[in-house]
$ cat entry_35.cif   # mmCIF, C-alpha atoms
data_entry
#
loop_
_atom_site.label_atom_id
_atom_site.label_comp_id
_atom_site.auth_asym_id
_atom_site.auth_seq_id
_atom_site.Cartn_x
_atom_site.Cartn_y
_atom_site.Cartn_z
CA MET O 5 -26.95 7.51 -34.54
CA VAL O 6 -23.85 7.15 -32.44
CA ARG O 7 -24.34 7.39 -28.72
CA LEU O 8 -22.35 9.75 -26.56
CA LYS O 9 -19.97 7.46 -24.69
CA SER O 10 -19.57 8.34 -21.05
CA ARG O 11 -18.39 6.79 -17.84
CA TYR O 12 -19.71 7.21 -14.33
CA ILE O 13 -17.25 7.22 -11.42
CA LEU O 14 -18.48 6.36 -7.94
CA PHE O 15 -16.30 7.90 -5.26
CA GLU O 16 -16.21 7.99 -1.48
CA ILE O 17 -14.59 10.57 0.75
CA ILE O 18 -12.74 9.07 3.72
CA HIS O 19 -11.60 11.20 6.64
CA PRO O 20 -8.33 9.69 7.84
CA GLU O 21 -7.52 11.91 10.81
CA PRO O 22 -10.21 11.99 13.46
CA PRO O 23 -9.33 13.52 16.82
CA GLU O 24 -9.23 10.34 18.91
CA PRO O 25 -7.89 6.82 18.21
CA PHE O 26 -10.35 4.64 16.34
CA TYR O 27 -8.45 1.44 15.74
CA GLY O 28 -10.12 -0.55 18.53
CA SER O 29 -12.49 -2.50 16.34
CA ARG O 30 -13.69 -2.57 12.76
CA LYS O 31 -16.91 -0.87 13.84
CA ASP O 32 -15.15 2.13 15.38
CA ALA O 33 -12.96 2.45 12.31
CA ILE O 34 -15.93 2.50 9.95
CA LEU O 35 -17.82 5.02 12.04
CA ALA O 36 -14.79 7.32 12.25
CA LEU O 37 -13.64 7.09 8.64
CA HIS O 38 -17.07 7.31 7.02
CA ARG O 39 -18.41 10.15 9.08
CA PRO O 40 -20.60 12.69 7.27
CA CYS O 41 -18.57 15.40 5.63
CA ASP O 42 -18.80 19.13 6.12
CA ALA O 43 -21.95 20.82 4.76
CA LYS O 44 -19.68 23.32 3.03
CA ILE O 45 -18.40 20.63 0.68
CA THR O 46 -20.65 21.04 -2.34
CA PRO O 47 -20.55 19.54 -5.84
CA LYS O 48 -19.38 22.94 -7.09
CA LEU O 49 -16.40 22.90 -4.72
CA LEU O 50 -15.52 19.36 -5.77
CA VAL O 51 -15.51 20.29 -9.47
CA GLN O 52 -13.29 23.23 -8.65
CA GLU O 53 -10.88 21.03 -6.65
CA ILE O 54 -10.71 18.43 -9.43
CA LYS O 55 -9.93 21.16 -11.94
CA THR O 56 -7.17 22.59 -9.70
CA ALA O 57 -5.65 19.11 -9.28
CA LEU O 58 -5.74 18.57 -13.04
CA GLN O 59 -4.17 21.97 -13.68
CA ASN O 60 -1.39 21.34 -11.13
CA ASN O 61 -0.51 17.86 -12.26
CA PHE O 62 -1.30 17.70 -15.96
CA GLY O 63 -1.35 21.36 -17.01
CA ASP O 64 -3.64 22.94 -19.60
CA TYR O 65 -3.79 19.67 -21.52
CA GLY O 66 -5.12 17.97 -18.38
CA LEU O 67 -7.62 20.73 -17.73
CA SER O 68 -9.12 20.08 -21.15
CA MET O 69 -10.21 16.65 -19.81
CA ALA O 70 -12.59 18.30 -17.38
CA VAL O 71 -14.73 20.01 -20.02
CA SER O 72 -17.49 17.42 -19.97
CA LEU O 73 -17.19 16.81 -16.21
CA SER O 74 -20.33 16.97 -14.13
CA ILE O 75 -21.26 15.70 -10.69
CA LYS O 76 -24.49 13.78 -10.98
CA TYR O 77 -24.98 12.99 -7.33
CA PHE O 78 -23.34 13.95 -4.07
CA SER O 79 -24.49 13.24 -0.55
CA ASN O 80 -22.86 14.86 2.47
CA ARG O 81 -24.31 12.35 4.88
CA THR O 82 -22.74 9.30 3.27
CA SER O 83 -19.80 11.19 1.66
CA THR O 84 -20.38 9.46 -1.66
CA GLY O 85 -20.87 10.89 -5.10
CA ILE O 86 -21.07 10.05 -8.80
CA ILE O 87 -19.14 11.88 -11.51
CA ARG O 88 -19.98 11.71 -15.18
CA ILE O 89 -17.12 12.06 -17.63
CA HIS O 90 -16.31 11.28 -21.24
CA ARG O 91 -14.98 7.76 -21.68
CA GLU O 92 -11.49 8.69 -22.87
CA ASN O 93 -10.71 10.93 -19.92
CA VAL O 94 -11.57 8.57 -17.07
CA ARG O 95 -7.98 7.83 -16.06
CA TYR O 96 -7.02 11.48 -15.75
CA ILE O 97 -10.03 12.27 -13.59
CA ILE O 98 -9.35 9.33 -11.25
CA ALA O 99 -5.71 10.42 -11.01
CA ALA O 100 -6.85 13.95 -10.16
CA LEU O 101 -9.11 12.55 -7.42
CA THR O 102 -6.11 10.59 -6.09
CA PHE O 103 -3.99 13.74 -5.98
CA ILE O 104 -6.53 15.71 -3.92
CA ARG O 105 -5.23 15.95 -0.36
CA GLN O 106 -7.44 18.48 1.36
CA LEU O 107 -10.99 19.75 1.09
CA ARG O 108 -11.63 23.00 2.93
CA GLY O 109 -8.59 22.49 5.14
CA GLN O 110 -9.49 18.93 6.16
CA ASP O 111 -7.35 16.00 5.17
CA VAL O 112 -9.25 13.57 2.98
CA ILE O 113 -8.67 10.40 1.01
CA ILE O 114 -10.86 10.15 -2.05
CA LYS O 115 -11.43 6.54 -2.91
CA CYS O 116 -12.83 5.67 -6.30
CA SER O 117 -14.88 2.53 -5.79
CA ALA O 118 -16.48 1.84 -9.16
CA VAL O 119 -16.34 2.91 -12.79
CA SER O 120 -19.27 2.00 -14.98
CA GLY O 121 -20.90 2.80 -18.30
CA SER O 122 -24.34 3.34 -16.84
CA ILE O 123 -25.41 5.36 -13.84
CA LYS O 124 -27.74 2.57 -12.74
CA LYS O 125 -24.86 0.19 -12.06
CA CYS O 126 -23.04 2.88 -10.09
CA GLU O 127 -26.11 3.42 -7.92
CA ASP O 128 -26.45 -0.32 -7.36
CA ARG O 129 -22.83 -0.53 -6.33
CA ALA O 130 -23.21 2.40 -3.92
CA ILE O 131 -26.18 0.70 -2.29
CA GLU O 132 -24.28 -2.57 -2.08
CA LEU O 133 -21.28 -0.90 -0.47
CA SER O 134 -23.26 0.95 2.16
CA ARG O 135 -25.24 -2.18 2.91
CA GLN O 136 -21.97 -4.03 3.44
CA LEU O 137 -20.78 -1.31 5.82
CA MET O 138 -24.03 -1.61 7.75
CA VAL O 139 -23.61 -5.36 8.02
CA ASP O 140 -20.11 -4.78 9.35
CA ILE O 141 -21.31 -2.55 12.16
CA ASN O 142 -24.38 -4.69 12.88
CA LEU O 143 -26.79 -1.94 12.01
CA LEU O 144 -28.77 -4.07 9.62
CA GLU O 145 -29.87 -6.41 12.36
CA LEU O 146 -31.22 -3.48 14.31
CA PHE O 147 -33.36 -2.45 11.36
CA GLU O 148 -34.70 -5.96 10.91
CA ASP O 149 -35.72 -6.09 14.56
CA ASP O 150 -37.70 -2.89 14.12
CA ASP O 151 -39.57 -4.34 11.18
CA GLU O 152 -40.65 -7.38 13.15
CA LYS O 153 -42.03 -5.27 15.94
CA MET B 12 -4.62 -10.54 -1.06
CA ILE B 13 -3.50 -6.96 -1.44
CA CYS B 14 -0.17 -6.09 0.09
CA ASP B 15 1.42 -2.98 1.42
CA VAL B 16 4.99 -3.92 2.24
CA ASN B 17 6.08 -0.54 3.55
CA VAL B 18 4.38 1.06 6.52
CA LEU B 19 6.97 3.09 8.38
CA TRP B 20 7.74 2.09 11.94
CA PRO B 21 8.10 5.26 14.06
CA GLN B 22 11.53 4.33 15.47
CA GLU B 23 14.55 5.88 13.71
CA ASP B 24 17.29 3.79 15.30
CA TYR B 25 17.83 1.33 18.14
CA GLY B 26 18.50 4.05 20.70
CA SER B 27 15.10 5.72 20.58
CA SER B 28 11.91 4.14 21.86
CA VAL B 29 8.32 4.22 20.64
CA THR B 30 5.95 6.47 22.56
CA ALA B 31 2.30 5.60 23.19
CA SER B 32 1.04 8.37 20.90
CA GLN B 33 3.25 7.17 18.04
CA LEU B 34 1.93 3.65 18.50
CA SER B 35 -1.68 4.79 18.45
CA GLU B 36 -1.00 6.87 15.33
CA LEU B 37 0.47 3.76 13.69
CA LYS B 38 -2.58 1.73 14.64
CA ASN B 39 -4.84 4.41 13.15
CA ARG B 40 -2.81 4.11 9.97
CA LEU B 41 -3.37 0.34 9.96
CA ALA B 42 -7.12 0.82 10.44
CA VAL B 43 -7.20 3.14 7.42
CA LEU B 44 -5.26 0.55 5.40
CA GLU B 45 -7.78 -2.09 6.37
CA GLU B 46 -10.60 0.18 5.25
CA LEU B 47 -8.89 0.63 1.88
CA GLY B 48 -8.88 -3.13 1.35
CA TYR B 49 -5.31 -4.13 2.17
CA THR B 50 -4.83 -7.54 3.77
CA HIS B 51 -1.08 -8.09 4.18
CA VAL B 52 0.91 -5.29 5.77
CA ALA B 53 4.61 -5.14 6.59
CA LEU B 54 5.94 -2.70 9.18
CA ASN B 55 9.15 -1.15 7.96
CA PHE B 56 12.08 -0.39 10.25
CA ARG B 57 14.77 1.73 8.58
CA ILE B 58 18.35 1.62 9.77
CA ARG B 59 21.52 3.25 8.53
CA GLN B 60 24.51 1.17 7.68
CA GLY B 61 27.21 0.89 10.31
CA GLN B 62 24.89 0.93 13.30
CA ARG B 63 25.82 -1.47 16.05
CA LEU B 64 23.19 -4.20 16.27
CA PRO B 65 21.93 -5.03 19.77
CA ALA B 66 21.19 -8.58 20.94
CA GLN B 67 17.51 -8.17 20.15
CA VAL B 68 17.77 -7.29 16.48
CA ASN B 69 14.06 -6.88 15.81
CA PRO B 70 12.52 -3.97 17.77
CA ILE B 71 9.01 -4.49 16.34
CA ASP B 72 6.75 -6.38 18.71
CA LEU B 73 3.79 -7.73 16.75
CA SER B 74 2.04 -8.90 19.91
CA SER B 75 1.17 -5.29 20.74
CA PHE B 76 -1.11 -5.27 17.71
CA SER B 77 -3.64 -7.71 19.13
CA GLU B 78 -6.56 -5.57 17.87
CA PHE B 79 -5.65 -6.52 14.31
CA LYS B 80 -5.33 -10.23 14.90
CA ASP B 81 -8.25 -11.31 12.71
CA ARG B 82 -8.27 -8.28 10.47
CA LEU B 83 -4.80 -7.90 8.99
CA LYS B 84 -1.75 -10.07 8.50
CA LEU B 85 1.21 -8.17 9.89
CA PHE B 86 4.86 -8.71 9.06
CA THR B 87 8.14 -7.05 9.90
CA ARG B 88 10.56 -5.63 7.43
CA VAL B 89 13.96 -3.99 7.70
CA THR B 90 15.42 -1.51 5.24
CA LEU B 91 19.15 -1.06 5.35
CA ILE B 92 20.41 2.20 3.88
CA VAL B 93 23.65 1.32 2.12
CA GLU B 94 26.14 4.04 1.34
CA ASP B 95 29.43 2.19 1.47
CA ALA B 96 29.39 -0.96 -0.59
CA SER B 97 32.38 -2.53 1.19
CA GLN B 98 30.69 -3.13 4.54
CA MET B 99 27.87 -5.59 4.06
CA GLN B 100 28.36 -8.05 6.91
CA THR B 101 25.34 -6.91 8.89
CA VAL B 102 22.79 -8.36 6.46
CA ALA B 103 23.22 -11.96 7.59
CA LYS B 104 22.18 -11.06 11.14
CA LEU B 105 19.11 -9.18 9.93
CA GLN B 106 17.95 -12.02 7.72
CA ASN B 107 16.96 -14.27 10.57
CA ALA B 108 15.05 -11.66 12.55
CA PHE B 109 12.80 -10.04 9.96
CA ASP B 110 10.24 -11.37 7.49
CA LEU B 111 11.44 -9.12 4.70
CA VAL B 112 14.88 -7.68 4.10
CA ALA B 113 15.24 -4.64 1.88
CA VAL B 114 18.16 -2.42 0.98
CA GLU B 115 18.22 1.18 -0.10
CA PRO B 116 21.42 1.76 -2.09
CA ARG B 117 22.57 5.37 -2.24
CA THR B 118 25.47 5.01 -4.70
CA GLU B 119 26.01 3.22 -7.97
CA LYS B 120 28.59 0.87 -6.44
CA ALA B 121 26.19 0.00 -3.64
CA LEU B 122 23.44 -0.78 -6.14
CA THR B 123 25.56 -3.18 -8.19
CA SER B 124 27.03 -4.94 -5.17
CA CYS B 125 23.55 -5.26 -3.63
CA ILE B 126 22.40 -7.02 -6.76
CA VAL B 127 25.45 -9.25 -7.17
CA ASN B 128 26.39 -10.18 -3.61
CA MET B 129 23.49 -9.73 -1.24
CA GLU B 130 20.59 -12.01 -0.45
CA VAL B 131 17.72 -9.53 -0.17
CA ASP B 132 14.05 -9.53 -1.14
CA LEU B 133 13.53 -5.92 -2.11
CA ILE B 134 15.60 -3.06 -3.45
CA SER B 135 14.09 0.28 -2.65
CA LEU B 136 15.52 3.22 -4.56
CA ASP B 137 14.97 6.69 -3.15
CA MET B 138 12.59 8.11 -5.73
CA ALA B 139 12.16 11.52 -4.16
CA ASN B 140 15.73 12.53 -4.99
CA ARG B 141 17.86 12.12 -8.09
CA LEU B 142 18.79 8.50 -8.68
CA PRO B 143 22.44 7.65 -7.91
CA CYS B 144 23.07 6.57 -11.50
CA TYR B 145 21.47 5.84 -14.83
CA LEU B 146 19.58 2.57 -14.46
CA LYS B 147 20.88 0.06 -16.96
CA HIS B 148 18.58 -2.59 -18.28
CA LYS B 149 21.24 -5.25 -17.76
CA THR B 150 21.77 -4.47 -14.07
CA ILE B 151 18.10 -4.21 -13.19
CA CYS B 152 17.06 -7.31 -15.12
CA SER B 153 19.84 -9.44 -13.59
CA ALA B 154 18.32 -8.55 -10.22
CA THR B 155 14.83 -9.43 -11.44
CA GLU B 156 16.08 -12.79 -12.67
CA LYS B 157 17.52 -13.48 -9.23
CA GLY B 158 14.09 -12.86 -7.75
CA VAL B 159 14.76 -9.46 -6.22
CA TYR B 160 11.93 -6.96 -6.52
CA PHE B 161 12.16 -3.20 -6.94
CA GLU B 162 9.97 -0.99 -4.85
CA ILE B 163 7.97 2.09 -5.82
CA LYS B 164 6.61 4.22 -2.99
CA TYR B 165 3.46 6.12 -3.86
CA SER B 166 3.80 8.54 -0.95
CA ASP B 167 6.46 10.23 -3.09
CA LEU B 168 3.71 10.97 -5.57
CA VAL B 169 0.88 11.94 -3.26
CA ASP B 170 2.24 13.67 -0.21
CA THR B 171 4.94 15.98 -1.59
CA SER B 172 5.61 19.28 -3.25
CA SER B 173 5.31 19.46 -7.02
CA SER B 174 9.07 19.48 -7.70
CA THR B 175 9.73 16.26 -5.79
CA ARG B 176 6.68 14.78 -7.48
CA ALA B 177 8.22 15.58 -10.87
CA THR B 178 11.49 13.90 -9.81
CA ALA B 179 9.59 10.88 -8.53
CA ILE B 180 7.61 10.49 -11.75
CA SER B 181 10.73 10.70 -13.90
CA ASN B 182 12.50 8.15 -11.66
CA ILE B 183 9.52 5.80 -11.83
CA LYS B 184 9.53 6.05 -15.61
CA GLN B 185 13.27 5.25 -15.63
CA LEU B 186 12.61 2.18 -13.50
CA PHE B 187 9.78 1.10 -15.81
CA ARG B 188 12.09 1.39 -18.81
CA ALA B 189 15.02 -0.40 -17.22
CA SER B 190 13.02 -3.24 -15.69
CA ARG B 191 10.83 -3.83 -18.78
CA LEU B 192 7.86 -3.63 -16.38
CA ARG B 193 8.83 -6.83 -14.57
CA GLY B 194 9.51 -7.46 -10.91
CA LEU B 195 8.08 -4.28 -9.43
CA VAL B 196 6.32 -3.79 -6.11
CA CYS B 197 4.28 -0.74 -5.18
CA SER B 198 3.83 0.21 -1.55
CA SER B 199 2.76 3.21 0.45
CA GLY B 200 5.81 4.24 2.47
CA ALA B 201 3.45 6.56 4.31
CA LYS B 202 4.44 8.51 7.38
CA SER B 203 0.83 9.38 8.24
CA ALA B 204 -2.67 8.15 7.45
CA LYS B 205 -3.51 11.02 5.13
CA SER B 206 -1.10 9.96 2.40
CA LEU B 207 -2.58 6.47 2.02
CA ARG B 208 -4.61 5.79 -1.10
CA ASN B 209 -6.82 3.13 -2.58
CA TYR B 210 -4.68 0.59 -4.43
CA SER B 211 -6.66 0.64 -7.68
CA ASP B 212 -6.41 4.43 -7.84
CA VAL B 213 -2.64 4.25 -7.53
CA ALA B 214 -2.55 1.48 -10.13
CA ASN B 215 -4.57 3.72 -12.44
CA MET B 216 -2.05 6.51 -11.90
CA LEU B 217 0.86 4.20 -12.71
CA VAL B 218 -0.92 3.19 -15.93
CA LEU B 219 -0.87 6.86 -16.90
CA PHE B 220 2.90 6.84 -16.36
CA GLY B 221 3.44 3.89 -18.67
CA LEU B 222 2.68 0.65 -16.82
CA ASP B 223 0.44 -1.71 -18.72
CA HIS B 224 -3.02 -2.43 -17.47
CA ASN B 225 -2.53 -6.11 -16.73
CA ARG B 226 0.60 -5.58 -14.62
CA SER B 227 -0.91 -2.67 -12.73
CA GLN B 228 -2.83 -5.19 -10.64
CA GLN B 229 0.11 -7.56 -10.19
CA ILE B 230 2.20 -4.75 -8.74
CA PHE B 231 -0.04 -4.81 -5.64
CA LYS B 232 -1.01 -8.47 -5.51
CA ASP B 233 1.25 -11.14 -6.99
CA TRP B 234 4.68 -9.59 -6.86
CA PRO B 235 4.73 -8.32 -3.27
CA LEU B 236 3.25 -11.64 -2.18
CA LYS B 237 6.06 -13.48 -3.94
CA ALA B 238 8.63 -11.26 -2.26
CA LEU B 239 6.97 -11.94 1.08
CA LEU B 240 6.94 -15.67 0.40
CA ALA B 241 10.63 -15.63 -0.49
CA GLY B 242 11.40 -13.79 2.72
CA ARG B 243 9.31 -16.20 4.78
CA LEU B 244 10.93 -19.19 3.11
CA ARG B 245 14.33 -17.93 4.21
CA ILE B 246 13.40 -18.27 7.87
CA LYS B 247 10.88 -21.08 7.67
CA SER B 248 12.40 -23.62 5.32
CA TYR B 249 15.42 -25.86 5.06
CA LYS B 250 17.91 -24.21 2.68
CA GLN B 251 15.05 -22.41 0.93
CA VAL B 252 14.04 -25.67 -0.71
CA VAL B 253 11.94 -27.81 1.59
CA ALA B 254 9.19 -26.54 3.82
CA ILE B 255 6.43 -28.24 5.74
CA SER B 256 2.89 -27.54 4.44
CA GLY B 257 1.63 -25.17 1.79
CA ASP B 258 1.96 -21.50 0.99
CA GLU B 259 -0.85 -20.43 3.31
CA ASN B 260 0.93 -21.63 6.43
CA LEU B 261 4.17 -20.03 5.35
CA ILE B 262 2.49 -16.66 5.08
CA ASP B 263 0.70 -17.16 8.39
CA ASN B 264 2.77 -15.84 11.30
CA SER B 265 0.17 -15.83 14.04
CA LEU B 266 1.88 -18.45 16.19
CA GLU B 267 5.31 -16.93 16.20
CA GLY B 268 7.01 -15.13 18.99
CA LYS B 269 9.44 -12.31 18.56
CA ASN B 270 12.29 -14.65 17.86
CA LYS B 271 11.32 -16.09 14.51
CA GLN B 272 13.66 -19.07 14.73
CA ASP B 273 11.47 -20.62 17.43
CA ALA B 274 8.75 -21.33 14.94
CA THR B 275 10.94 -22.93 12.30
CA PRO B 276 9.27 -26.28 11.65
CA TYR B 277 12.37 -28.30 10.70
CA ARG B 278 13.90 -27.67 14.12
CA GLN B 279 10.97 -29.30 15.87
CA PRO B 280 10.91 -32.94 14.82
CA LYS B 281 7.85 -33.74 16.93
CA ARG B 282 5.59 -31.48 14.90
CA ARG B 283 6.81 -32.83 11.63
CA LYS B 284 5.09 -36.17 12.07
CA GLU B 285 1.68 -34.56 12.44
CA ASP B 286 1.84 -32.46 9.28
CA LYS B 287 1.98 -33.90 5.84
CA PRO B 288 5.27 -32.88 4.23
CA SER B 289 5.21 -31.32 0.82
CA THR B 290 7.80 -29.55 -1.24
CA THR B 291 7.52 -25.93 -2.16
#
$ encode --input "entry_35.cif" --output "C-alpha cells"
Amino acid sequence: MVRLKSRYILFEIIHPEPPEPFYGSRKDAILALHRPCDAKITPKLLVQEIKTALQNNFGDYGLSMAVSLSIKYFSNRTSTGIIRIHRENVRYIIAALTFIRQLRGQDVIIKCSAVSGSIKKCEDRAIELSRQLMVDINLLELFEDDDEK
Amino acid sequence: MICDVNVLWPQEDYGSSVTASQLSELKNRLAVLEELGYTHVALNFRIRQGQRLPAQVNPIDLSSFSEFKDRLKLFTRVTLIVEDASQMQTVAKLQNAFDLVAVEPRTEKALTSCIVNMEVDLISLDMANRLPCYLKHKTICSATEKGVYFEIKYSDLVDTSSSTRATAISNIKQLFRASRLRGLVCSSGAKSAKSLRNYSDVANMLVLFGLDHNRSQQIFKDWPLKALLAGRLRIKSYKQVVAISGDENLIDNSLEGKNKQDATPYRQPKRRKEDKPSTT
C-alpha cells in the first residue's frame, strides 16, 4: 500500500506591537513578543483566516490547496500550533501564513519554524524551541532550584 | 548570518529631527528583527537627489543603540533617489560616511548611468509602482558582473493593498528573468514592526514566484553579506585591495565613531604593527 504523504507545519504567533517599549533586553523582548494570544483565537478561526488568505492571493486554485488542511494542535498560552497538510501544497500554505496580517483586529506575525514529515519531530522541535526561550529568560534555572528544594 | 539591509530610518531629510517616540518605535522594530533570527541589520536613510549636504553627512548615530550592542550588528546605509541622471556628484561624499550606498533610479537613463558610472553597492528599484523601463538582461547582468546587487523589498508584498502587491510580484518576476536569478538581495524595507516576517517564510514565497530553492537562502545570507563587505572595504581598505585582518573584523564596526574615517586602519601606522597583515 502507498502511504498518504503529508507534512506537518509548526508555527508560532508573534505579537509585534505591544503597548509599551520592550527593546530594553532580550528577556523583555521575548516576554512581550511571545505573550499568550487571545482566547478567541481558535483553530477554527485560523483555518478560516488561512483560507481567506489563500483566496485573496492565489484565487480558487489556491483555495483548492486547503482541502486537506487540518490543525492538529493549537495552544493559546504558548501561541504555537501544528498544521497538517498534503505534501505538495506546503509552500502555498506557508505563503498564506506569511500573508496573514491580523487576527481578530490584532497585528500578528506568523512565523513558521519547522516543516516535517512526522508530527513527532514537530513536537520535539516545539519543545526544543520553548526550552531555548526559557533558557534565554533564565526561567529554567528557577525550575531547577525548585527541584532541589 | 542573516542580513536585513533595509530598515527605514525615521528621518525624511536633513532638516527634520528624530523624536523620542520614533526612536523607541525603531528599537522595537530591531527587537522584533532579533527575535526573527536576523543578525546583521542596516539602518536606511533615504534622501532625494539635489539636497544640500550638511557638514555631518551621516545623521544616524549608532551609539544611541547601546541596548543592541551584543545582540545585533548595526550598520548605516544611504539610499539616493535619482531622477536626473546628469547630477551625480553627491555620491562621492556619501561613500565615506555610510557603510552601504544604494541608489533608487526613477528613470531609464538614471538606471543605465547608475550601472555604468557610479560606484554603489545596491540598486533598489521601486517595486510598488510600475518599473521605469523594461529590464534588459544585458543591462542588469552588466551590473551584476560589476558586483552591484539588486534589492527586493518584501514589505511591498506583505503590507500593501492587493493591486500594489500584484504590481510588486510582476516586477519581481521581471527582475528574476532579467538577472537570471543572480546578484539579488532581499530585505524588509519595513516602516513598522508588523510588516516584518521570518526570512525562511519570505524565501519560500519567492520560490513560489520563480526563484530556485538553493538561491532562496543565498538571497538573505551570502549576497547581502557580500554587498556589506564591499561597502565596508570601500571605507576600511587601501584602494579596495589591501585591508588589515580578515573578513570578521571588516564587518565588525563596534569600535568606530560617527566619522568612519577615524577607524581606517591604514591611516594609523601604529596599529598596523600589532596586527598581522593579510590580503583580502
$ resolve_selection --input "entry_35.cif" --expression "the PyMOL selection byres ((chain O and resi 7-10) around 12)" --output "list in words"
Met5, Val6, Arg11, Tyr12, Ile13, Ser72, Leu73, Ser74, Ile87, Arg88, Ile89, His90, Arg91, Glu92, Asn93, Val94, Val119, Ser120, Gly121, Ser122 and Ile123 of chain O
$ atom_distance --input "entry_35.cif" --atom1 "CA of Leu85 (chain B)" --atom2 "CA of Leu222 (chain B)"
28.2 Å
$ closest_atom_pairs --input "entry_35.cif" --of "chain O" --to "chain B" --cutoff "9 Å" --atoms "all atoms listed in the file" --output "CSV"
residue,atom,partner,partner_atom,distance
O:Ile18,CA,B:Val43,CA,8.9
O:His19,CA,B:Lys205,CA,8.2
O:Pro20,CA,B:Lys205,CA,5.7
O:Glu21,CA,B:Ala204,CA,7.0
O:Pro25,CA,B:Asn39,CA,6.4
O:Phe26,CA,B:Asn39,CA,6.4
O:Tyr27,CA,B:Asn39,CA,5.3
O:Gly28,CA,B:Glu78,CA,6.2
O:Ser29,CA,B:Glu78,CA,6.9
O:Arg30,CA,B:Ala42,CA,7.7
O:Ala33,CA,B:Ala42,CA,6.3
O:Ile34,CA,B:Glu46,CA,7.5
O:Leu37,CA,B:Val43,CA,7.7
O:Asn60,CA,B:Ser173,CA,8.1
O:Asn61,CA,B:Ser173,CA,8.0
O:Arg95,CA,B:Asn215,CA,6.5
O:Tyr96,CA,B:Leu219,CA,7.8
O:Ile98,CA,B:Asp212,CA,6.7
O:Ala99,CA,B:Met216,CA,5.4
O:Leu101,CA,B:Asp212,CA,8.6
O:Thr102,CA,B:Asp212,CA,6.4
O:Phe103,CA,B:Val169,CA,5.9
O:Ile104,CA,B:Val169,CA,8.3
O:Arg105,CA,B:Lys205,CA,7.6
O:Asp111,CA,B:Lys205,CA,6.3
O:Val112,CA,B:Lys205,CA,6.6
O:Ile113,CA,B:Arg208,CA,6.5
O:Ile114,CA,B:Arg208,CA,7.7
O:Lys115,CA,B:Asn209,CA,5.7
O:Cys116,CA,B:Asp212,CA,6.7
O:Ser117,CA,B:Ser211,CA,8.6
$ residues_near_point --input "entry_35.cif" --point "(19.9, -7.9, -5.7)" --cutoff "9 Å" --atoms "all atoms listed in the file" --output "NGL selection string"
:B and (114 or 122-134 or 151 or 153-155 or 157-160)
$ residues_around --input "entry_35.cif" --residues "Glu53 (chain O)" --least-positions-apart "2" --cutoff "12 Å" --atoms "all atoms listed in the file" --output "number ranges by chain"
O: 45-51, 55-60, 67, 70, 97, 100-108, 114
$ atom_distance --input "entry_35.cif" --atom1 "CA of Glu24 (chain O)" --atom2 "CA of Leu34 (chain B)"
13.0 Å
$ resolve_selection --input "entry_35.cif" --expression "the PyMOL selection byres ((chain B and resi 60) around 7)" --output "PyMOL selection string"
chain B and resi 58-59+61-62+91-93
$ residues_around --input "entry_35.cif" --residues "Gly221 (chain B)" --least-positions-apart "3" --cutoff "10 Å" --atoms "all atoms listed in the file" --output "JSON, numbers by chain"
{"B": [183, 184, 187, 188, 192, 216, 217, 218, 224, 227]}
$ residues_around --input "entry_35.cif" --residues "Cys41 (chain O)" --least-positions-apart "6" --cutoff "7 Å" --atoms "only C-alpha atoms" --output "MDAnalysis selection string"
chainID O and resid 80:81 83
$ atom_distance --input "entry_35.cif" --atom1 "CA of Leu186 (chain B)" --atom2 "CA of Pro21 (chain B)"
28.1 Å
$ residues_near_point --input "entry_35.cif" --point "(-16.6, 13.4, -7.4)" --cutoff "6 Å" --atoms "all atoms listed in the file" --output "number ranges by chain"
O: 15, 85-87
$ residues_around --input "entry_35.cif" --residues "Cys14 (chain B)" --least-positions-apart "2" --cutoff "10 Å" --atoms "all atoms listed in the file" --output "count of residues only"
24
$ resolve_selection --input "entry_35.cif" --expression "the PyMOL selection byres ((chain B and resi 64-74) around 12)" --output "ChimeraX atom specification"
/B:19-29,34,38,52-63,75-80,83-90,100-112,264-271
